[in-house]
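K.L.:
For reference, this is structure-v7.txt, and it has compact mmCIF, C-alpha atoms.
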# COMPACT_ATOMS: atom_id res chain seq x y z
CA MET A 1 -31.18 -120.69 -105.75
CA PRO A 2 -29.73 -119.75 -109.18
CA ASN A 3 -31.75 -117.58 -111.51
CA PRO A 4 -33.95 -119.63 -113.87
CA PHE A 5 -32.96 -117.30 -116.72
CA PRO A 6 -29.59 -115.67 -117.50
CA VAL A 7 -29.43 -112.02 -116.48
CA HIS A 8 -29.02 -110.16 -119.75
CA GLY A 9 -27.40 -106.74 -119.93
CA ARG A 10 -25.55 -107.21 -116.64
CA GLY A 11 -22.31 -108.95 -115.78
CA ALA A 12 -23.19 -110.75 -112.55
CA GLN A 13 -25.86 -113.44 -112.51
CA SER A 14 -26.88 -113.17 -108.84
CA ALA A 15 -27.01 -110.81 -105.87
CA ALA A 16 -25.72 -112.95 -103.02
CA VAL A 17 -24.15 -111.04 -100.11
CA PRO A 18 -20.79 -112.12 -98.63
CA GLN A 19 -20.89 -114.52 -95.72
CA ARG A 20 -17.44 -113.50 -94.49
CA PHE A 21 -19.04 -110.39 -92.94
CA GLY A 22 -21.85 -112.28 -91.27
CA LEU A 23 -24.52 -110.66 -93.44
CA ALA A 24 -27.94 -112.27 -93.59
CA ALA A 25 -28.27 -114.52 -96.60
CA ARG A 26 -30.82 -113.61 -99.28
CA GLU A 27 -32.76 -116.39 -100.90
CA ALA A 28 -35.93 -116.10 -102.97
CA ASP A 29 -38.70 -118.56 -102.14
CA GLY A 30 -38.19 -121.58 -104.37
CA ASP A 31 -41.85 -122.40 -105.10
CA TRP A 32 -42.70 -118.80 -105.95
CA LEU A 33 -39.61 -118.46 -108.13
CA ASP A 34 -40.42 -121.63 -110.05
CA ALA A 35 -44.01 -120.48 -110.59
CA ARG A 36 -42.93 -117.08 -111.80
CA ALA A 37 -40.47 -118.58 -114.25
CA GLU A 38 -43.06 -121.00 -115.62
CA ILE A 39 -45.92 -118.52 -115.91
CA ASP A 40 -44.32 -115.12 -116.51
CA GLY A 41 -40.95 -115.94 -118.01
CA PRO A 42 -37.96 -113.61 -117.41
CA GLY A 43 -38.60 -110.65 -115.16
CA PRO A 44 -38.15 -106.97 -116.11
CA LYS A 45 -34.66 -105.62 -116.65
CA LEU A 46 -32.86 -104.37 -113.57
CA ARG A 47 -32.79 -100.61 -113.18
CA THR A 48 -29.79 -98.60 -112.05
CA MET A 49 -30.26 -96.69 -108.80
CA VAL A 50 -27.95 -93.87 -107.66
CA THR A 51 -27.65 -92.68 -104.06
CA GLU A 52 -25.89 -89.38 -103.42
CA GLU A 53 -23.29 -89.67 -100.69
CA LYS A 54 -22.11 -86.90 -98.38
CA ALA A 55 -18.41 -87.72 -98.21
CA LYS A 56 -16.02 -86.16 -95.71
CA ARG A 57 -12.99 -86.40 -97.98
CA ILE A 58 -12.32 -87.40 -101.57
CA ILE A 59 -8.64 -88.41 -101.69
CA SER A 60 -8.07 -92.03 -100.64
CA ARG A 61 -4.60 -93.00 -99.46
CA ASN A 62 -2.86 -96.36 -99.65
CA SER A 63 0.51 -97.68 -98.53
CA SER A 64 0.54 -100.83 -100.66
CA PRO A 65 4.13 -101.59 -101.68
CA ASP A 66 3.17 -103.03 -105.08
CA ILE A 67 1.01 -100.12 -106.31
CA PRO A 68 2.76 -97.21 -108.09
CA PHE A 69 0.62 -94.46 -106.51
CA ASP A 70 -0.27 -93.53 -102.95
CA ARG A 71 -3.50 -91.59 -103.53
CA SER A 72 -6.60 -91.91 -105.66
CA ILE A 73 -10.03 -90.39 -106.24
CA ASN A 74 -13.23 -92.36 -106.76
CA ALA A 75 -16.17 -90.01 -107.20
CA TYR A 76 -18.48 -93.02 -107.52
CA ARG A 77 -18.99 -96.31 -105.69
CA GLY A 78 -20.11 -99.30 -107.70
CA CYS A 79 -19.87 -99.38 -111.48
CA GLU A 80 -22.59 -99.76 -114.07
CA HIS A 81 -20.15 -101.19 -116.60
CA GLY A 82 -20.73 -104.51 -114.84
CA CYS A 83 -17.38 -106.12 -115.71
CA ILE A 84 -17.77 -109.58 -114.25
CA TYR A 85 -14.08 -109.85 -113.32
CA CYS A 86 -13.84 -106.48 -111.52
CA TYR A 87 -11.60 -106.82 -108.46
CA ALA A 88 -13.44 -103.89 -106.80
CA ARG A 89 -16.74 -105.77 -106.51
CA PRO A 90 -16.13 -106.91 -102.90
CA THR A 91 -16.04 -103.28 -101.70
CA HIS A 92 -19.82 -103.10 -102.07
CA ALA A 93 -20.12 -105.46 -99.13
CA PHE A 94 -19.03 -102.55 -96.91
CA HIS A 95 -22.57 -101.22 -97.53
CA ASP A 96 -24.18 -104.61 -96.79
CA LEU A 97 -24.77 -104.94 -100.52
CA SER A 98 -23.97 -107.67 -102.99
CA PRO A 99 -20.67 -107.63 -104.91
CA GLY A 100 -22.76 -109.14 -107.70
CA LEU A 101 -25.79 -107.39 -109.16
CA ASP A 102 -25.90 -104.70 -106.44
CA PHE A 103 -22.41 -103.53 -107.39
CA GLU A 104 -23.57 -102.68 -110.90
CA THR A 105 -27.14 -101.54 -110.18
CA LYS A 106 -26.99 -99.77 -106.77
CA LEU A 107 -24.47 -96.98 -107.24
CA PHE A 108 -23.27 -94.09 -105.08
CA ALA A 109 -22.19 -90.64 -106.28
CA LYS A 110 -20.27 -87.96 -104.38
CA PRO A 111 -21.57 -84.61 -105.72
CA ASP A 112 -19.13 -82.61 -103.58
CA ALA A 113 -16.07 -84.33 -105.05
CA ALA A 114 -14.55 -81.20 -106.62
CA ALA A 115 -15.19 -79.03 -103.54
CA LEU A 116 -13.68 -81.68 -101.29
CA LEU A 117 -10.63 -81.94 -103.55
CA ARG A 118 -10.14 -78.19 -103.51
CA ALA A 119 -10.31 -78.19 -99.72
CA GLU A 120 -7.80 -81.02 -99.37
CA LEU A 121 -5.36 -79.50 -101.86
CA GLY A 122 -5.58 -76.23 -99.94
CA LYS A 123 -4.58 -77.71 -96.60
CA ARG A 124 -1.35 -76.48 -95.10
CA GLY A 125 1.50 -78.86 -95.79
CA TYR A 126 -0.15 -80.73 -98.66
CA SER A 127 2.55 -82.36 -100.81
CA PRO A 128 1.56 -83.12 -104.41
CA ALA A 129 1.90 -86.55 -106.01
CA VAL A 130 0.03 -88.15 -108.88
CA ILE A 131 -3.66 -88.73 -108.17
CA ALA A 132 -5.02 -91.87 -109.84
CA MET A 133 -8.63 -91.98 -111.04
CA GLY A 134 -10.31 -95.23 -112.03
CA THR A 135 -8.66 -97.41 -109.42
CA ASN A 136 -11.84 -98.76 -107.82
CA THR A 137 -14.70 -97.80 -110.12
CA ASP A 138 -14.67 -96.30 -113.58
CA PRO A 139 -14.66 -92.46 -113.58
CA TYR A 140 -16.44 -92.47 -116.96
CA GLN A 141 -19.19 -94.99 -116.28
CA PRO A 142 -22.60 -93.98 -117.72
CA ILE A 143 -23.75 -91.84 -114.76
CA GLU A 144 -20.81 -89.49 -115.41
CA ALA A 145 -22.84 -88.15 -118.33
CA THR A 146 -25.27 -86.72 -115.76
CA TYR A 147 -23.08 -85.91 -112.76
CA ARG A 148 -19.89 -84.75 -114.56
CA LEU A 149 -17.91 -85.30 -111.34
CA THR A 150 -14.81 -86.51 -113.17
CA ARG A 151 -14.80 -83.39 -115.33
CA GLN A 152 -15.13 -81.18 -112.24
CA VAL A 153 -12.18 -82.95 -110.62
CA LEU A 154 -10.10 -82.46 -113.77
CA GLU A 155 -10.96 -78.75 -113.75
CA VAL A 156 -9.56 -78.47 -110.23
CA CYS A 157 -6.43 -80.39 -111.25
CA LEU A 158 -5.87 -78.06 -114.20
CA GLU A 159 -6.42 -74.98 -112.06
CA THR A 160 -3.97 -76.15 -109.39
CA ARG A 161 -1.53 -77.76 -111.85
CA HIS A 162 -1.90 -81.10 -110.08
CA PRO A 163 -0.91 -84.32 -111.93
CA VAL A 164 -3.67 -86.87 -112.46
CA THR A 165 -3.99 -90.19 -114.30
CA ILE A 166 -7.13 -91.86 -115.60
CA THR A 167 -7.95 -95.52 -116.18
CA THR A 168 -11.21 -96.28 -117.95
CA LYS A 169 -13.11 -98.64 -120.24
CA SER A 170 -15.25 -95.84 -121.65
CA ALA A 171 -14.95 -93.79 -124.81
CA ARG A 172 -16.77 -91.09 -122.84
CA VAL A 173 -13.30 -89.91 -121.77
CA VAL A 174 -12.95 -87.95 -125.02
CA ARG A 175 -15.77 -85.64 -123.90
CA ASP A 176 -13.14 -84.11 -121.62
CA LEU A 177 -10.50 -83.94 -124.33
CA ASP A 178 -10.28 -80.16 -123.98
CA LEU A 179 -9.20 -80.43 -120.33
CA LEU A 180 -7.00 -83.47 -120.91
CA ALA A 181 -5.18 -81.77 -123.78
CA GLU A 182 -4.44 -78.72 -121.61
CA LEU A 183 -3.21 -80.94 -118.78
CA ALA A 184 -1.06 -82.90 -121.23
CA LYS A 185 0.61 -79.72 -122.50
CA LEU A 186 1.82 -79.22 -118.94
CA ASN A 187 2.83 -82.88 -118.55
CA LEU A 188 0.15 -83.37 -115.92
CA THR A 189 -1.88 -86.30 -117.21
CA ALA A 190 -1.90 -89.67 -118.92
CA VAL A 191 -4.92 -91.81 -119.86
CA SER A 192 -5.12 -95.59 -119.94
CA LEU A 193 -7.92 -97.48 -121.66
CA SER A 194 -8.40 -101.14 -120.88
CA VAL A 195 -9.14 -103.27 -123.93
CA THR A 196 -9.97 -106.87 -123.12
CA SER A 197 -10.89 -108.25 -126.53
CA LEU A 198 -11.72 -107.15 -130.06
CA ASP A 199 -14.97 -109.11 -130.18
CA PRO A 200 -17.98 -106.86 -129.41
CA LYS A 201 -20.20 -109.84 -128.58
CA LEU A 202 -17.69 -111.19 -126.07
CA SER A 203 -17.18 -107.71 -124.65
CA GLY A 204 -20.94 -107.41 -124.25
CA LEU A 205 -20.90 -110.47 -122.00
CA LEU A 206 -17.75 -109.63 -120.03
CA GLU A 207 -18.30 -105.87 -119.74
CA PRO A 208 -21.97 -105.36 -120.68
CA ARG A 209 -22.19 -101.58 -120.27
CA ALA A 210 -18.65 -100.53 -121.13
CA SER A 211 -17.81 -99.03 -124.52
CA SER A 212 -17.29 -101.47 -127.36
CA PRO A 213 -13.67 -102.39 -128.17
CA ALA A 214 -13.84 -100.35 -131.40
CA LYS A 215 -14.97 -97.23 -129.55
CA ARG A 216 -12.19 -97.63 -126.98
CA LEU A 217 -9.60 -97.88 -129.74
CA ASP A 218 -11.08 -94.79 -131.41
CA ALA A 219 -10.81 -92.96 -128.07
CA LEU A 220 -7.15 -93.94 -127.80
CA GLU A 221 -6.55 -92.54 -131.29
CA LYS A 222 -8.25 -89.24 -130.45
CA LEU A 223 -6.29 -88.91 -127.21
CA ALA A 224 -2.98 -89.59 -128.93
CA ALA A 225 -3.79 -87.17 -131.76
CA ALA A 226 -4.52 -84.44 -129.18
CA GLY A 227 -1.15 -84.96 -127.53
CA VAL A 228 -2.47 -86.80 -124.49
CA PRO A 229 -0.23 -89.72 -123.45
CA ALA A 230 -2.46 -92.67 -124.32
CA HIS A 231 -1.81 -96.08 -122.80
CA VAL A 232 -3.47 -99.39 -123.67
CA SER A 233 -3.95 -101.96 -120.95
CA VAL A 234 -4.70 -105.50 -122.06
CA ALA A 235 -6.52 -106.14 -118.84
CA PRO A 236 -7.47 -108.50 -117.60
CA VAL A 237 -6.29 -111.43 -119.65
CA VAL A 238 -8.93 -114.14 -119.15
CA PRO A 239 -7.22 -117.42 -120.10
CA ALA A 240 -8.95 -119.48 -122.79
CA ILE A 241 -11.40 -116.58 -123.32
CA THR A 242 -9.51 -113.38 -124.23
CA ASP A 243 -5.82 -114.32 -124.44
CA GLU A 244 -6.13 -114.86 -128.21
CA PHE A 245 -6.48 -111.07 -128.61
CA ILE A 246 -3.23 -109.98 -126.89
CA GLU A 247 -1.20 -109.32 -130.03
CA ARG A 248 -4.11 -107.92 -132.06
CA ILE A 249 -5.03 -105.42 -129.34
CA LEU A 250 -1.44 -104.18 -129.19
CA GLU A 251 -1.28 -103.92 -132.99
CA ALA A 252 -4.54 -101.97 -133.15
CA ALA A 253 -3.44 -99.59 -130.40
CA ALA A 254 0.01 -99.00 -131.90
CA ALA A 255 -1.57 -98.23 -135.28
CA ARG A 256 -3.57 -95.49 -133.54
CA GLY A 257 -0.57 -93.72 -132.04
CA VAL A 258 -0.38 -95.42 -128.65
CA LYS A 259 3.18 -95.60 -127.30
CA THR A 260 2.89 -97.61 -124.08
CA ALA A 261 1.11 -100.78 -123.03
CA SER A 262 0.68 -103.18 -120.13
CA TRP A 263 -1.18 -106.36 -119.29
CA ILE A 264 -2.74 -107.80 -116.15
CA MET A 265 -3.64 -111.39 -115.46
CA LEU A 266 -7.19 -112.08 -114.27
CA ARG A 267 -7.50 -111.45 -110.52
CA LEU A 268 -10.33 -113.05 -108.50
CA PRO A 269 -10.25 -111.82 -104.89
CA HIS A 270 -12.93 -112.80 -102.37
CA GLU A 271 -16.44 -112.89 -103.93
CA VAL A 272 -15.17 -112.28 -107.47
CA ALA A 273 -14.11 -115.93 -107.87
CA PRO A 274 -17.60 -117.42 -107.33
CA LEU A 275 -19.13 -114.69 -109.51
CA MET A 276 -16.68 -115.57 -112.28
CA ARG A 277 -17.46 -119.27 -111.93
CA GLU A 278 -21.17 -118.50 -112.15
CA TRP A 279 -20.61 -116.36 -115.26
CA LEU A 280 -18.60 -119.14 -116.90
CA ASP A 281 -21.30 -121.71 -116.13
CA VAL A 282 -23.87 -119.49 -117.88
CA HIS A 283 -21.87 -118.26 -120.88
CA TYR A 284 -18.97 -120.70 -121.38
CA PRO A 285 -19.86 -124.00 -119.69
CA ASP A 286 -17.77 -125.92 -122.23
CA ARG A 287 -14.54 -124.30 -121.09
CA ALA A 288 -15.26 -123.24 -117.50
CA GLY A 289 -13.03 -125.97 -116.10
CA LYS A 290 -10.14 -125.01 -118.39
CA VAL A 291 -10.38 -121.31 -117.51
CA MET A 292 -10.35 -121.90 -113.76
CA GLY A 293 -7.68 -124.58 -114.12
CA ILE A 294 -5.32 -122.04 -115.73
CA VAL A 295 -6.30 -119.38 -113.18
CA GLN A 296 -5.30 -121.74 -110.38
CA ALA A 297 -2.15 -122.82 -112.21
CA VAL A 298 -0.81 -119.23 -112.19
CA ARG A 299 -1.90 -118.62 -108.55
CA GLY A 300 -0.20 -121.54 -106.83
CA GLY A 301 -3.23 -123.82 -107.01
CA LYS A 302 -5.67 -121.25 -105.58
CA ASP A 303 -8.26 -118.98 -107.17
CA TYR A 304 -6.24 -116.00 -105.92
CA ASP A 305 -3.07 -115.14 -104.04
CA SER A 306 -3.55 -111.89 -102.11
CA ARG A 307 0.05 -111.45 -100.94
CA PHE A 308 1.74 -108.20 -101.91
CA PHE A 309 3.73 -108.50 -105.15
CA GLU A 310 2.44 -112.05 -105.71
CA ARG A 311 -1.07 -110.77 -106.54
CA MET A 312 0.34 -108.72 -109.42
CA LYS A 313 2.80 -111.35 -110.64
CA PRO A 314 1.28 -114.64 -111.83
CA GLN A 315 3.64 -117.60 -111.84
CA GLY A 316 4.10 -120.80 -113.83
CA VAL A 317 4.15 -121.90 -117.45
CA TRP A 318 0.92 -120.21 -118.51
CA ALA A 319 1.99 -116.89 -117.01
CA ASP A 320 5.36 -117.17 -118.76
CA VAL A 321 3.60 -117.79 -122.09
CA PHE A 322 1.37 -114.71 -121.76
CA ARG A 323 4.25 -112.56 -120.50
CA THR A 324 6.51 -113.62 -123.39
CA ARG A 325 3.83 -113.06 -126.01
CA PHE A 326 3.21 -109.57 -124.66
CA ARG A 327 6.91 -108.69 -124.51
CA ILE A 328 7.64 -109.89 -128.06
CA ALA A 329 4.64 -108.03 -129.46
CA CYS A 330 5.67 -104.80 -127.73
CA GLN A 331 9.21 -105.10 -129.06
CA ARG A 332 7.95 -105.70 -132.59
CA LEU A 333 5.58 -102.73 -132.42
CA GLY A 334 8.01 -100.32 -130.74
CA LEU A 335 5.91 -99.97 -127.59
CA ASN A 336 7.24 -99.04 -124.13
CA ARG A 337 10.49 -97.54 -125.41
CA GLU A 338 9.82 -94.51 -123.23
CA MET A 339 7.81 -94.38 -120.00
CA PRO A 340 7.33 -90.67 -119.24
CA ALA A 341 6.73 -89.46 -115.69
CA LEU A 342 4.29 -86.69 -114.81
CA ASP A 343 5.45 -83.37 -113.36
CA CYS A 344 4.65 -82.69 -109.68
CA SER A 345 6.61 -79.46 -109.43
CA GLN A 346 3.99 -77.06 -110.86
CA PHE A 347 1.40 -77.44 -108.11
CA VAL A 348 -0.27 -74.23 -106.92
CA PRO A 349 -2.66 -74.52 -103.94
CA PRO A 350 -6.15 -73.15 -104.53
CA SER A 351 -6.76 -69.75 -102.99
CA ALA A 352 -8.80 -69.46 -99.81
CA ASP A 353 -11.30 -67.15 -101.50
CA GLU A 354 -12.09 -69.73 -104.18
CA GLN A 355 -12.60 -72.41 -101.53
CA LEU A 356 -15.00 -70.23 -99.53
CA ALA A 357 -16.95 -69.44 -102.66
CA LEU A 358 -17.94 -73.09 -102.96
CA PHE A 359 -19.84 -73.14 -99.65
Have the structure of the file written as structure tokens, please.
P.N.:
Amino acid sequence: MPNPFPVHGRGAQSAAVPQRFGLAAREADGDWLDARAEIDGPGPKLRTMVTEEKAKRIISRNSSPDIPFDRSINAYRGCEHGCIYCYARPTHAFHDLSPGLDFETKLFAKPDAAALLRAELGKRGYSPAVIAMGTNTDPYQPIEATYRLTRQVLEVCLETRHPVTITTKSARVVRDLDLLAELAKLNLTAVSLSVTSLDPKLSGLLEPRASSPAKRLDALEKLAAAGVPAHVSVAPVVPAITDEFIERILEAAAARGVKTASWIMLRLPHEVAPLMREWLDVHYPDRAGKVMGIVQAVRGGKDYDSRFFERMKPQGVWADVFRTRFRIACQRLGLNREMPALDCSQFVPPSADEQLALF
């Protein structure tokens, strides 16, 4: 049964669990729910819960042929930013939790992230390559202010001269500007901020607990001024909702010293598609059909095409329009003339004494 009131301050509007894993369905009693809505009105705001996880390792490996990195670090599971379109939402089902509201309210933290990283980098035969942070959940989501796990990981990367990239939607990244600037001097880091729109109200619906667009642009400016390679990602492009901002986002980023940019078409794997439909029905019922019609037009008539390479490369007229607009804007603004690569040759394994000191 749908919620009788929109869920404010969160991206998802429900907490249904996936049926593809055979999980027991959750359904509130209809009579009780109707009575509560009539008598009490909207319920209290959902609280964020954090469970500390004892992980065995911190570096995740992948062999996907269409992803430009083979290893990543996610010190958190779930993400309080609550971006309704987040492709990582289905991973919460591995915990028998909902990719909807559970993903953004029931979080996991790995307090031993830095110690685990030090141990893995110290293993005999370890070969360095760029570590990507922010691939599954945002490394600078609000709980980072308390746990500081991302900062601790960056400290290990600086100590060992290990290259690392960051993707985030949070201006909180500038709190680690001291570390990022030192890493940048050694050509060991680059930071990408995703900017979806320039409308704070729209951003508050799409990404309710992420930094406002203005704060993200300010963060890009501070990063660039400190010598940190700053990248703007117009991601995702939600057709008929955010595509109007493509050129203006690129212009705003270029004016702040950003040199490189990219864009990603909206991706709706597994449970993300019904969550997006639900969000559209609540916030944009007048154009829900148009949005999903374009989404299907660029995915061969489906909500999503999961095949390697195809998932990252939308097809058709609409995709060509967005791609051309982005390319022309980048050419006009002088973006993407150089795409620097990070240096993997400086890596120094942590000493055994320092590893033992952590236990």
K.L.:
Excluding same-chain residues fewer than 3 positions from stretch 153-170 of chain A, what lies within 6 Å of it counting all atoms listed in the file, as a ChimeraX atom specification?
P.N.:
/A:114,130-134,138,140,150,188-194,210-211,346-349
K.L.:
With the cut-off set at 12 Å and counting all atoms listed in the file, tabulate each residue of stretch 219-281 of chain A with an atom at most that distance from an atom of stretch 79-86 of chain A, showing the nearest atom pair and its distance in Å to one decimal, ordered by chain and increasing number, as a tab-separated table.
P.N.:
residue	atom	partner	partner_atom	distance
A:Ala235	CA	A:Tyr85	CA	10.1
A:Pro236	CA	A:Tyr85	CA	8.0
A:Val237	CA	A:Tyr85	CA	10.2
A:Val238	CA	A:Tyr85	CA	8.9
A:Ile264	CA	A:Tyr85	CA	11.9
A:Met265	CA	A:Tyr85	CA	10.8
A:Leu266	CA	A:Tyr85	CA	7.3
A:Arg267	CA	A:Tyr85	CA	7.3
A:Leu268	CA	A:Tyr85	CA	6.9
A:Pro269	CA	A:Cys86	CA	9.2
A:His270	CA	A:Cys86	CA	11.2
A:Glu271	CA	A:Tyr85	CA	10.1
A:Val272	CA	A:Tyr85	CA	6.4
A:Ala273	CA	A:Tyr85	CA	8.2
A:Pro274	CA	A:Tyr85	CA	10.3
A:Leu275	CA	A:Ile84	CA	7.1
A:Met276	CA	A:Tyr85	CA	6.4
A:Arg277	CA	A:Ile84	CA	10.0
A:Glu278	CA	A:Ile84	CA	9.8
A:Trp279	CA	A:Ile84	CA	7.4
A:Leu280	CA	A:Ile84	CA	10.0
K.L.:
By how many Å are atom CA of A:Ala252 and atom CA of A:Arg89 apart?
P.N.:
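So the answer is 29.5 Å.
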K.L.:
Might you pull out every residue within 12 Å of stretch 317-333 of chain A, with all atoms listed in the file counted and same-chain residues fewer than 2 positions away left off, and present them as a PyMOL selection string?
P.N.:
chain A and resi 232-240+242-266+291+293-300+312-315+335-338
K.L.:
With all atoms listed in the file as the basis for distance, which of A:Leu205, A:Ile241, A:Ala109, A:Leu180 is at the shortest distance from A:Ala226?
P.N.:
A:Leu180
K.L.:
Please report the interatomic distance between atom CA of A:Tyr87 and atom CA of A:Ala12 in Å with one decimal.
P.N.:
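So the answer is 12.9 Å.
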K.L.:
Go ahead and compute the interatomic distance for atom CA of A:Ser212 and atom CA of A:Glu104, in Å to one decimal.
P.N.:
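Computing it gives 17.7 Å between the two atoms.
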K.L.:
Could you tell me which of A:Lys110, A:Arg77, A:Arg151, A:Arg20 comes closest to A:Ala55 if we count only C-alpha atoms?
P.N.:
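Nearest candidate to A:Ala55 out of A:Lys110, A:Arg77, A:Arg151, A:Arg20: A:Lys110.
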K.L.:
List the neighbours of stretch 15-18 of chain A out to 6 Å using all atoms listed in the file; skip same-chain residues closer than 5 positions along the sequence, and give me the result as number ranges by chain.
P.N.:
A: 98, 100-101
K.L.:
A:Pro340, A:Gly204, A:Pro68, A:Pro90: which is nearest A:Ala230, counting all atoms listed in the file?
P.N.:
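That would be A:Pro340, the residue with the smallest distance to A:Ala230.
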K.L.:
Quick one: of A:Pro213, A:Pro111, A:Gly122, A:Pro128, who's nearest to A:Ile143, counting all atoms listed in the file?
P.N.:
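Residue with the minimum atom-to-atom distance to A:Ile143: A:Pro111.
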K.L.:
For A:Arg216, which residue among A:Cys344, A:Leu149, A:Ala171, A:Leu183 is the nearest when counting only C-alpha atoms?
P.N.:
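Closest to A:Arg216 of all the choices is A:Ala171.
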